[in-house]
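This is structure-v6.txt. It holds compact mmCIF, C-alpha atoms.
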# COMPACT_ATOMS: atom_id res chain seq x y z
CA MET U 113 0.00 0.00 0.00
CA ALA U 114 1.58 3.28 -1.17
CA ILE U 115 1.40 6.18 1.28
CA THR U 116 2.91 9.64 0.82
CA VAL U 117 4.06 11.06 4.14
CA LYS U 118 4.76 14.79 4.67
CA PHE U 119 6.36 16.71 7.52
CA PHE U 120 6.12 20.44 8.18
CA ALA U 121 7.86 23.18 10.15
CA SER U 122 9.98 22.10 13.16
CA LEU U 123 9.10 18.45 12.53
CA ARG U 124 10.33 18.72 8.93
CA GLU U 125 13.62 20.08 10.26
CA ARG U 126 13.89 17.37 12.89
CA MET U 127 13.12 14.59 10.42
CA GLU U 128 15.55 16.23 8.02
CA CYS U 129 13.16 15.70 5.13
CA GLU U 130 9.95 17.15 3.71
CA GLY U 131 8.39 13.78 3.27
CA VAL U 132 8.76 10.25 2.09
CA ALA U 133 6.84 7.77 -0.04
CA ILE U 134 6.46 4.48 1.78
CA ASP U 135 5.10 1.04 1.06
CA ALA U 136 3.01 0.63 4.19
CA GLN U 137 2.57 -3.07 4.14
CA TYR U 138 1.61 -3.45 7.80
CA ALA U 139 0.39 0.08 8.69
CA ARG U 140 -3.40 0.39 8.85
CA THR U 141 -3.68 3.59 10.92
CA ILE U 142 -1.90 6.92 11.07
CA ALA U 143 -0.21 5.90 14.31
CA GLU U 144 1.19 2.86 12.52
CA VAL U 145 2.39 5.00 9.61
CA TRP U 146 4.18 7.16 12.18
CA GLN U 147 5.84 4.08 13.69
CA GLN U 148 7.10 3.08 10.29
CA VAL U 149 8.63 6.49 9.46
CA ALA U 150 9.78 7.73 12.88
CA GLY U 151 12.33 5.04 13.72
CA GLY U 152 10.79 4.08 17.02
CA GLU U 153 10.13 7.59 18.34
CA PRO U 154 6.75 7.71 20.10
CA LEU U 155 4.09 9.92 18.54
CA PRO U 156 4.42 13.35 20.26
CA ALA U 157 1.25 14.22 22.18
CA ASP U 158 0.83 17.66 20.60
CA LEU U 159 1.52 16.56 17.03
CA LEU U 160 -1.27 17.24 14.53
CA MET U 161 -2.01 14.96 11.62
CA ALA U 162 -4.01 14.96 8.43
CA VAL U 163 -5.08 12.43 5.83
CA ASN U 164 -5.62 13.82 2.34
CA MET U 165 -5.54 17.33 3.81
CA GLU U 166 -8.27 16.76 6.37
CA TYR U 167 -7.44 16.70 10.08
CA ALA U 168 -7.35 13.14 11.40
CA GLU U 169 -6.61 11.19 14.58
CA PRO U 170 -3.92 8.59 15.36
CA ASP U 171 -6.40 5.78 14.90
CA SER U 172 -7.76 7.05 11.56
CA VAL U 173 -7.43 4.33 8.94
CA VAL U 174 -5.25 4.96 5.89
CA GLN U 175 -5.77 3.61 2.42
CA ASP U 176 -3.65 2.97 -0.62
CA GLY U 177 -2.67 6.26 -2.27
CA ASP U 178 -3.37 8.45 0.79
CA GLU U 179 -1.30 11.49 1.69
CA VAL U 180 -0.58 11.55 5.42
CA ALA U 181 0.88 14.68 7.03
CA PHE U 182 2.38 15.27 10.47
CA PHE U 183 2.99 18.73 11.87
CA PRO U 184 3.36 20.77 15.09
CA PRO U 185 0.63 23.09 16.44
CA VAL U 186 -0.16 25.79 13.91
CA THR U 187 0.86 29.43 14.37
CA GLY U 188 -0.66 31.34 11.47
CA GLY U 189 -2.49 34.63 11.49
CA GLY U 190 -1.08 37.93 12.62
CA HIS U 191 1.81 38.44 14.98
CA ASP U 192 -0.77 39.52 17.53
CA HIS U 193 -0.59 36.96 20.26
CA MET J 722 -29.88 85.62 32.56
CA ALA J 723 -28.99 85.02 28.88
CA ILE J 724 -29.40 81.46 27.61
CA THR J 725 -28.87 80.26 24.07
CA VAL J 726 -31.26 77.45 23.21
CA LYS J 727 -30.72 75.08 20.27
CA PHE J 728 -32.93 72.47 18.65
CA PHE J 729 -31.83 69.65 16.36
CA ALA J 730 -33.28 67.24 13.80
CA SER J 731 -37.03 66.49 14.02
CA LEU J 732 -37.36 68.83 17.00
CA ARG J 733 -35.76 71.66 15.01
CA GLU J 734 -38.33 71.08 12.26
CA ARG J 735 -41.20 70.93 14.74
CA MET J 736 -40.09 74.10 16.54
CA GLU J 737 -39.56 75.70 13.14
CA CYS J 738 -36.30 77.19 14.30
CA GLU J 739 -32.72 76.20 14.95
CA GLY J 740 -32.59 78.00 18.23
CA VAL J 741 -33.37 81.10 20.16
CA ALA J 742 -31.62 83.43 22.59
CA ILE J 743 -33.74 83.96 25.68
CA ASP J 744 -33.61 86.04 28.80
CA ALA J 745 -34.38 83.31 31.30
CA GLN J 746 -35.41 85.43 34.19
CA TYR J 747 -37.28 82.69 36.05
CA ALA J 748 -35.74 79.53 34.62
CA ARG J 749 -33.20 77.85 36.88
CA THR J 750 -33.21 74.33 35.39
CA ILE J 751 -33.29 72.88 31.91
CA ALA J 752 -36.89 71.78 32.41
CA GLU J 753 -37.78 75.41 33.17
CA VAL J 754 -35.90 76.61 30.08
CA TRP J 755 -37.99 74.12 28.06
CA GLN J 756 -41.19 75.50 29.59
CA GLN J 757 -40.18 78.99 28.55
CA VAL J 758 -39.43 78.05 24.91
CA ALA J 759 -41.96 75.29 24.23
CA GLY J 760 -45.18 77.19 24.67
CA GLY J 761 -46.64 74.90 27.28
CA GLU J 762 -45.80 71.60 25.57
CA PRO J 763 -44.65 69.07 28.16
CA LEU J 764 -41.04 67.90 27.91
CA PRO J 765 -41.13 64.73 25.74
CA ALA J 766 -39.92 61.70 27.72
CA ASP J 767 -37.37 60.58 25.13
CA LEU J 768 -35.91 64.04 24.49
CA LEU J 769 -32.19 64.41 25.13
CA MET J 770 -30.63 67.59 26.45
CA ALA J 771 -27.23 69.13 26.87
CA VAL J 772 -25.74 72.14 28.65
CA ASN J 773 -22.63 73.57 27.05
CA MET J 774 -22.35 70.44 24.91
CA GLU J 775 -22.38 67.98 27.79
CA TYR J 776 -25.36 65.68 28.31
CA ALA J 777 -27.60 66.92 31.14
CA GLU J 778 -30.86 66.09 32.92
CA PRO J 779 -34.12 68.06 33.20
CA ASP J 780 -33.20 69.21 36.70
CA SER J 781 -29.67 70.32 35.74
CA VAL J 782 -29.17 73.95 36.76
CA VAL J 783 -28.42 76.52 34.06
CA GLN J 784 -26.29 79.64 34.40
CA ASP J 785 -25.95 82.94 32.64
CA GLY J 786 -24.35 82.46 29.22
CA ASP J 787 -25.09 78.73 28.98
CA GLU J 788 -25.94 76.99 25.73
CA VAL J 789 -28.82 74.58 26.24
CA ALA J 790 -29.68 72.07 23.51
CA PHE J 791 -32.70 69.79 23.04
CA PHE J 792 -32.73 66.93 20.57
CA PRO J 793 -34.33 63.55 19.80
CA PRO J 794 -32.54 60.21 20.28
CA VAL J 795 -29.39 60.10 18.18
CA THR J 796 -29.05 57.93 15.07
CA GLY J 797 -25.46 58.30 13.91
CA GLY J 798 -23.05 55.66 12.75
CA GLY J 799 -23.52 53.35 9.82
CA HIS J 800 -26.79 52.39 8.21
CA ASP J 801 -26.31 49.01 9.82
CA HIS J 802 -29.15 48.66 12.28
CA MET O 448 -5.59 59.64 17.65
CA THR O 449 -7.69 61.43 15.05
CA ILE O 450 -11.38 62.34 14.88
CA GLU O 451 -12.85 63.91 11.80
CA ILE O 452 -16.30 65.06 10.80
CA ARG O 453 -16.48 65.18 7.00
CA ALA O 454 -18.96 67.00 4.83
CA GLY O 455 -17.81 65.21 1.66
CA ALA O 456 -17.51 61.62 0.51
CA PHE O 457 -14.49 59.66 1.69
CA ASP O 458 -12.81 56.40 0.73
CA PRO O 459 -12.19 54.46 3.98
CA TRP O 460 -9.36 52.35 2.56
CA ARG O 461 -7.57 55.39 1.23
CA GLU O 462 -7.97 57.12 4.59
CA LEU O 463 -6.54 54.10 6.40
CA ALA O 464 -3.57 53.90 4.04
CA ASP O 465 -2.83 57.61 4.51
CA PHE O 466 -3.32 57.50 8.26
CA GLN O 467 -1.11 54.47 8.72
CA GLN O 468 1.64 56.05 6.66
CA GLN O 469 1.82 58.85 9.22
CA MET O 470 2.11 56.40 12.14
CA THR O 471 5.84 56.16 11.47
CA GLY O 472 7.00 55.86 15.07
CA LYS O 473 4.68 52.92 15.55
CA CYS O 474 5.95 50.75 12.67
CA GLY O 475 6.52 47.20 13.82
CA LYS O 476 4.84 47.95 17.17
CA TYR O 477 1.25 47.02 16.43
CA GLY O 478 0.24 43.47 15.62
CA ALA O 479 -3.48 43.99 15.19
CA THR O 480 -5.79 46.45 13.47
CA THR O 481 -9.57 46.22 13.57
CA VAL O 482 -11.64 48.44 11.31
CA PHE O 483 -15.37 48.96 11.11
CA VAL O 484 -16.97 50.76 8.19
CA GLY O 485 -20.66 51.63 8.20
CA THR O 486 -22.08 52.16 4.75
CA MET O 487 -25.33 53.69 3.51
CA ARG O 488 -27.74 51.05 2.25
CA ASP O 489 -30.39 51.52 -0.42
CA PHE O 490 -33.07 49.96 1.82
CA ASN O 491 -34.10 50.29 5.45
CA GLU O 492 -37.03 48.85 7.37
CA GLY O 493 -38.41 47.39 4.16
CA ASP O 494 -38.32 50.66 2.20
CA GLU O 495 -36.21 51.80 -0.69
CA VAL O 496 -33.96 54.64 0.45
CA ARG O 497 -32.58 57.01 -2.17
CA GLY O 498 -30.33 59.08 0.02
CA MET O 499 -30.24 60.84 3.32
CA PHE O 500 -29.19 63.91 5.21
CA LEU O 501 -26.99 63.46 8.25
CA GLU O 502 -27.30 66.28 10.74
CA HIS O 503 -24.99 66.79 13.70
CA TYR O 504 -24.38 69.18 16.57
CA PRO O 505 -21.14 70.93 15.62
CA GLN O 506 -18.55 70.90 18.42
CA MET O 507 -20.61 68.74 20.74
CA THR O 508 -20.21 65.81 18.33
CA GLU O 509 -16.43 66.21 18.21
CA LYS O 510 -16.32 66.61 21.98
CA TYR O 511 -18.34 63.46 22.50
CA LEU O 512 -16.21 61.43 20.11
CA GLU O 513 -13.09 62.61 21.92
CA LYS O 514 -14.62 61.49 25.18
CA ILE O 515 -15.22 57.95 23.94
CA THR O 516 -11.71 57.64 22.46
CA LEU O 517 -10.27 58.70 25.82
CA GLU O 518 -12.45 56.12 27.56
CA ALA O 519 -11.27 53.47 25.11
CA ALA O 520 -7.64 54.46 25.72
CA GLN O 521 -8.17 53.87 29.43
CA ARG O 522 -9.72 50.45 28.94
CA TRP O 523 -7.39 49.01 26.31
CA GLU O 524 -3.74 49.37 25.36
CA LEU O 525 -4.23 51.28 22.13
CA LEU O 526 -1.42 52.44 19.88
CA ASP O 527 -3.75 54.58 17.80
CA MET O 528 -7.37 55.24 16.84
CA LEU O 529 -9.09 56.83 13.88
CA ILE O 530 -12.72 57.93 13.61
CA ILE O 531 -14.18 59.57 10.51
CA HIS O 532 -17.89 60.38 10.34
CA ARG O 533 -19.74 61.79 7.38
CA VAL O 534 -22.34 64.57 7.67
CA GLY O 535 -24.57 66.27 5.10
CA GLU O 536 -26.05 64.63 2.00
CA ILE O 537 -25.21 60.97 1.60
CA LEU O 538 -26.05 58.53 -1.18
CA PRO O 539 -26.44 54.73 -1.08
CA ASP O 540 -23.13 52.86 -1.02
CA ASP O 541 -21.35 55.88 0.50
CA PRO O 542 -19.32 55.14 3.63
CA ILE O 543 -20.87 56.94 6.61
CA VAL O 544 -18.50 56.06 9.40
CA LEU O 545 -15.07 54.55 9.87
CA VAL O 546 -13.59 53.49 13.20
CA ALA O 547 -10.20 51.82 13.52
CA ALA O 548 -8.03 50.68 16.42
CA TRP O 549 -4.36 49.66 16.37
CA THR O 550 -3.12 47.42 19.19
CA VAL O 551 -0.48 44.82 20.07
CA HIS O 552 -3.03 42.03 20.61
CA ARG O 553 -6.07 41.22 18.55
CA ALA O 554 -8.64 40.91 21.35
CA ALA O 555 -8.08 44.55 22.31
CA ALA O 556 -8.38 45.68 18.69
CA PHE O 557 -11.75 43.94 18.25
CA GLU O 558 -13.10 45.07 21.61
CA ALA O 559 -11.99 48.70 21.24
CA ALA O 560 -13.39 49.05 17.70
CA ARG O 561 -16.68 47.53 18.82
CA TYR O 562 -16.79 49.81 21.86
CA LEU O 563 -16.15 52.91 19.76
CA ILE O 564 -18.90 52.16 17.24
CA GLU O 565 -21.45 51.18 19.90
CA GLU O 566 -20.77 54.31 21.97
CA LEU O 567 -20.80 56.45 18.84
CA LYS O 568 -24.15 55.06 17.76
CA SER O 569 -25.82 55.21 21.13
CA ARG O 570 -24.82 58.68 22.32
CA SER O 571 -23.05 60.90 19.79
CA PRO O 572 -25.28 63.68 18.44
CA PHE O 573 -25.96 62.72 14.83
CA TRP O 574 -29.38 62.34 13.21
CA LYS O 575 -30.34 60.68 9.94
CA LYS O 576 -33.17 61.79 7.68
CA GLU O 577 -33.86 59.32 4.89
CA TRP O 578 -35.23 60.15 1.47
CA LEU O 579 -37.78 57.57 0.41
CA PRO O 580 -39.30 57.61 -3.11
CA GLU O 581 -42.38 59.56 -1.99
CA ARG O 582 -41.40 61.22 1.26
CA GLU O 583 -38.69 61.91 3.84
CA ARG O 584 -38.45 60.42 7.31
CA TRP O 585 -36.27 60.82 10.35
CA VAL O 586 -34.70 57.59 11.50
CA ILE O 587 -36.25 57.18 14.93
CA LYS O 588 -33.64 55.13 16.66
CA ASN O 589 -30.61 52.95 16.21
CA THR O 590 -31.28 49.41 17.28
CA PRO O 591 -28.74 48.35 19.88
CA ALA O 592 -25.90 46.22 18.52
CA GLY O 593 -28.20 44.62 15.90
CA MET Y 1148 -15.90 35.08 -1.29
CA THR Y 1149 -12.16 35.10 -1.93
CA ILE Y 1150 -9.26 33.34 -0.23
CA GLU Y 1151 -5.70 34.05 -1.25
CA ILE Y 1152 -2.32 32.81 -0.11
CA ARG Y 1153 0.31 35.36 -1.13
CA ALA Y 1154 4.05 34.90 -1.41
CA GLY Y 1155 4.68 38.66 -1.73
CA ALA Y 1156 3.91 41.74 0.32
CA PHE Y 1157 0.42 43.21 0.08
CA ASP Y 1158 -1.27 46.46 1.06
CA PRO Y 1159 -4.48 45.55 2.92
CA TRP Y 1160 -6.22 48.86 2.19
CA ARG Y 1161 -5.47 48.60 -1.51
CA GLU Y 1162 -6.74 45.03 -1.55
CA LEU Y 1163 -9.95 46.10 0.18
CA ALA Y 1164 -10.50 48.97 -2.25
CA ASP Y 1165 -9.95 46.67 -5.24
CA PHE Y 1166 -12.09 43.89 -3.82
CA GLN Y 1167 -14.96 46.18 -2.98
CA GLN Y 1168 -14.91 47.67 -6.45
CA GLN Y 1169 -15.67 44.25 -7.85
CA MET Y 1170 -18.62 43.73 -5.50
CA THR Y 1171 -20.79 45.68 -7.96
CA GLY Y 1172 -24.02 43.72 -7.51
CA LYS Y 1173 -23.83 44.33 -3.77
CA CYS Y 1174 -23.60 48.14 -3.83
CA GLY Y 1175 -26.02 49.64 -1.38
CA LYS Y 1176 -26.79 46.20 0.09
CA TYR Y 1177 -24.25 46.02 2.87
CA GLY Y 1178 -24.33 48.38 5.83
CA ALA Y 1179 -21.37 47.03 7.76
CA THR Y 1180 -17.83 45.93 7.04
CA THR Y 1181 -15.45 44.63 9.69
CA VAL Y 1182 -11.80 44.16 8.84
CA PHE Y 1183 -8.98 42.63 10.83
CA VAL Y 1184 -5.35 43.05 9.79
CA GLY Y 1185 -2.57 41.18 11.56
CA THR Y 1186 0.82 42.80 11.16
CA MET Y 1187 4.35 41.55 11.82
CA ARG Y 1188 5.83 43.15 14.95
CA ASP Y 1189 9.52 43.79 15.58
CA PHE Y 1190 9.30 42.17 19.03
CA ASN Y 1191 7.74 39.02 20.46
CA GLU Y 1192 7.94 37.43 23.89
CA GLY Y 1193 10.42 40.08 24.96
CA ASP Y 1194 12.81 39.56 22.05
CA GLU Y 1195 13.69 41.69 19.07
CA VAL Y 1196 12.48 40.00 15.91
CA ARG Y 1197 14.10 40.93 12.60
CA GLY Y 1198 11.91 38.95 10.28
CA MET Y 1199 10.33 35.58 9.86
CA PHE Y 1200 9.52 32.77 7.51
CA LEU Y 1201 5.91 31.69 7.24
CA GLU Y 1202 5.52 28.09 6.11
CA HIS Y 1203 2.23 26.53 5.06
CA TYR Y 1204 0.80 23.26 3.73
CA PRO Y 1205 -0.09 24.09 0.14
CA GLN Y 1206 -3.65 23.07 -0.76
CA MET Y 1207 -4.57 21.97 2.76
CA THR Y 1208 -4.32 25.58 3.92
CA GLU Y 1209 -6.63 26.81 1.17
CA LYS Y 1210 -9.01 23.92 1.84
CA TYR Y 1211 -9.13 24.72 5.53
CA LEU Y 1212 -9.74 28.42 4.95
CA GLU Y 1213 -12.57 27.56 2.56
CA LYS Y 1214 -14.08 25.35 5.25
CA ILE Y 1215 -14.15 28.17 7.82
CA THR Y 1216 -15.65 30.68 5.37
CA LEU Y 1217 -18.42 28.16 4.58
CA GLU Y 1218 -19.02 27.68 8.31
CA ALA Y 1219 -19.17 31.46 8.78
CA ALA Y 1220 -21.63 31.75 5.88
CA GLN Y 1221 -23.91 29.26 7.64
CA ARG Y 1222 -23.78 31.09 10.96
CA TRP Y 1223 -24.16 34.68 9.76
CA GLU Y 1224 -25.84 36.46 6.89
CA LEU Y 1225 -22.74 37.45 4.97
CA LEU Y 1226 -22.73 39.35 1.70
CA ASP Y 1227 -19.06 38.70 1.12
CA MET Y 1228 -15.77 37.67 2.75
CA LEU Y 1229 -12.13 38.20 1.92
CA ILE Y 1230 -9.12 36.42 3.42
CA ILE Y 1231 -5.54 37.09 2.35
CA HIS Y 1232 -2.65 35.37 4.14
CA ARG Y 1233 1.02 35.93 3.49
CA VAL Y 1234 3.59 33.11 3.28
CA GLY Y 1235 7.37 33.10 2.80
CA GLU Y 1236 9.77 35.76 4.08
CA ILE Y 1237 8.14 38.56 6.06
CA LEU Y 1238 9.62 41.71 7.59
CA PRO Y 1239 8.45 43.79 10.57
CA ASP Y 1240 5.53 46.07 9.76
CA ASP Y 1241 4.43 43.82 6.88
CA PRO Y 1242 0.78 42.78 6.95
CA ILE Y 1243 0.52 39.02 7.47
CA VAL Y 1244 -3.20 38.43 7.34
CA LEU Y 1245 -6.35 40.27 6.32
CA VAL Y 1246 -9.88 39.07 7.02
CA ALA Y 1247 -12.96 41.07 6.10
CA ALA Y 1248 -16.71 40.48 6.30
CA TRP Y 1249 -19.52 42.45 4.63
CA THR Y 1250 -22.98 42.25 6.19
CA VAL Y 1251 -26.25 44.12 6.56
CA HIS Y 1252 -25.91 44.51 10.34
CA ARG Y 1253 -22.82 45.37 12.34
CA ALA Y 1254 -23.03 42.63 14.98
CA ALA Y 1255 -22.72 39.95 12.29
CA ALA Y 1256 -19.77 41.74 10.69
CA PHE Y 1257 -17.86 41.88 13.99
CA GLU Y 1258 -18.71 38.32 14.98
CA ALA Y 1259 -17.90 36.81 11.59
CA ALA Y 1260 -14.55 38.61 11.27
CA ARG Y 1261 -13.61 37.52 14.78
CA TYR Y 1262 -14.67 33.95 14.06
CA LEU Y 1263 -12.63 33.82 10.86
CA ILE Y 1264 -9.42 35.06 12.49
CA GLU Y 1265 -9.79 32.83 15.57
CA GLU Y 1266 -10.46 29.73 13.47
CA LEU Y 1267 -7.65 30.65 11.11
CA LYS Y 1268 -5.18 31.03 13.96
CA SER Y 1269 -6.20 27.94 15.86
CA ARG Y 1270 -6.41 25.35 13.09
CA SER Y 1271 -5.16 26.45 9.67
CA PRO Y 1272 -1.78 24.93 8.75
CA PHE Y 1273 0.68 27.83 8.90
CA TRP Y 1274 3.89 27.96 10.94
CA LYS Y 1275 6.07 30.94 11.84
CA LYS Y 1276 9.82 30.83 12.27
CA GLU Y 1277 11.20 34.06 13.71
CA TRP Y 1278 14.66 35.48 13.06
CA LEU Y 1279 16.12 36.87 16.28
CA PRO Y 1280 19.44 38.78 16.28
CA GLU Y 1281 21.47 35.69 17.19
CA ARG Y 1282 19.29 32.74 16.26
CA GLU Y 1283 16.06 31.48 14.72
CA ARG Y 1284 13.11 29.99 16.56
CA TRP Y 1285 9.81 28.39 15.70
CA VAL Y 1286 6.85 30.11 17.29
CA ILE Y 1287 5.51 27.36 19.54
CA LYS Y 1288 1.89 28.32 19.78
CA ASN Y 1289 -0.62 31.06 19.21
CA THR Y 1290 -2.14 32.22 22.45
CA PRO Y 1291 -5.93 31.93 22.28
CA ALA Y 1292 -7.72 35.20 21.59
CA GLY Y 1293 -5.05 37.24 23.38

Here is a file; write its structure as structure tokens.
Amino acid sequence: MAITVKFFASLRERMECEGVAIDAQYARTIAEVWQQVAGGEPLPADLLMAVNMEYAEPDSVVQDGDEVAFFPPVTGGGHDH
Amino acid sequence: MAITVKFFASLRERMECEGVAIDAQYARTIAEVWQQVAGGEPLPADLLMAVNMEYAEPDSVVQDGDEVAFFPPVTGGGHDH
Amino acid sequence: MTIEIRAGAFDPWRELADFQQQMTGKCGKYGATTVFVGTMRDFNEGDEVRGMFLEHYPQMTEKYLEKITLEAAQRWELLDMLIIHRVGEILPDDPIVLVAAWTVHRAAAFEAARYLIEELKSRSPFWKKEWLPERERWVIKNTPAG
Amino acid sequence: MTIEIRAGAFDPWRELADFQQQMTGKCGKYGATTVFVGTMRDFNEGDEVRGMFLEHYPQMTEKYLEKITLEAAQRWELLDMLIIHRVGEILPDDPIVLVAAWTVHRAAAFEAARYLIEELKSRSPFWKKEWLPERERWVIKNTPAG
């Protein structure tokens, strides 16, 4: 099962890549996709995730051809916080 | 005691004048100024009044040289009501 | 902090651009700007409105608007404020009023702009007379915060 | 209803003037416009900030902003909405975000503009990396409604 995985912002820097295409033979959920790409690092509690550009949860099921993204809390909008 | 009296908006139209300078010999409060200029008409309940361009009440005391204004509820701002 | 009563038409976006260009000492200091523009509609209370006359009480109006900007400055940390209010003959689609607040944080900008327009509408001495197709009428009252 | 992600600087007042000029069918229909502009400051959390890089998730960002405008359109009677958000390299005093709502009544304009900016800040995929004098840092989180 082909899954495109993307990383953004500080996570992209930490993973030292923007993303990776994987053959997720055993991964059925986002959490399992994370396990496959993160080299054993547990899923950070504050990490956000999306499947095909919709917010999703760790136990959301992935399907062949999906784009899965992992990223830190968002900080858009003005500089007014 | 010289008092300048001003009327605005629908009241100005109804009084058929923008204002009047009176010698308020017996008027000590705004309500008494109204009595002197309004020809016996009772002070309308929703009328607003000001002395020297500050909002005032019917029993506010007037002094020689004061400018007293009477006007209906205000309707400024956008056309967004 | 600027308050202006205008007898002629104004372009709110142009005014904001010009005003902000003069805020030179404040560049990089404000993070949030909230603007409210009230515009003349071509209908009101179910009737077609072709125009209107906006009367005010010269000097008292300015004085009252100053008072509410000072009150706002006490309640919120404001870097600047701008109020422009039209008087005289106004046609549909003309801007009537502009209020703007510049702050560090966005909550203050929203709250101050809202405060200014609500206080302006409820107490500042302006009166609208609308021109309907067959007659004129004074607008009786502003509905609160509707 | 327009949503734009911009890689270059923009002038919010110019954008509003241009946008409103194209709202021809709506002339005289709206009575209220509320605008929020978020601007880059030259300080944050006590530090001097010399610039920043704003990263986003192309397509998901646009999709998310569309979602919140549709939600706003269901909650309030909106005649139009405009959102512009900057990405890429940004310098102090540059506008970062513009949201605007056109309505008949002012309460809806204020509430919708506030809703759009709060939803945008809390959930739309953008990330800020600030350039301090000696180092860079990712902004960790937006404070809620501060």

task = Provide as a count of residues only the residues of chain O at most 8 Å from chain J, counting all atoms listed in the file.
result = 35

query = Quick one: which residues from chain O are at most 7 Å off chain Y, using all atoms listed in the file, as a ChimeraX atom specification?
reply = /O:460-461,463-464,474-489,539-540,552-554,592-593

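For the pair chain Y and chain O, the all-Cα root-mean-square deviation following least-squares superposition comes to 0.0 Å.
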
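When CA of Ile1231 (chain Y) is paired with CA of Pro1205 (chain Y), their separation reads 14.3 Å.
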
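Interatomic distance, CA of Gly740 (chain J) to CA of Val754 (chain J): 12.4 Å.
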
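A straight line drawn from CA of Val173 (chain U) to CA of Tyr138 (chain U) is 12.0 Å long.
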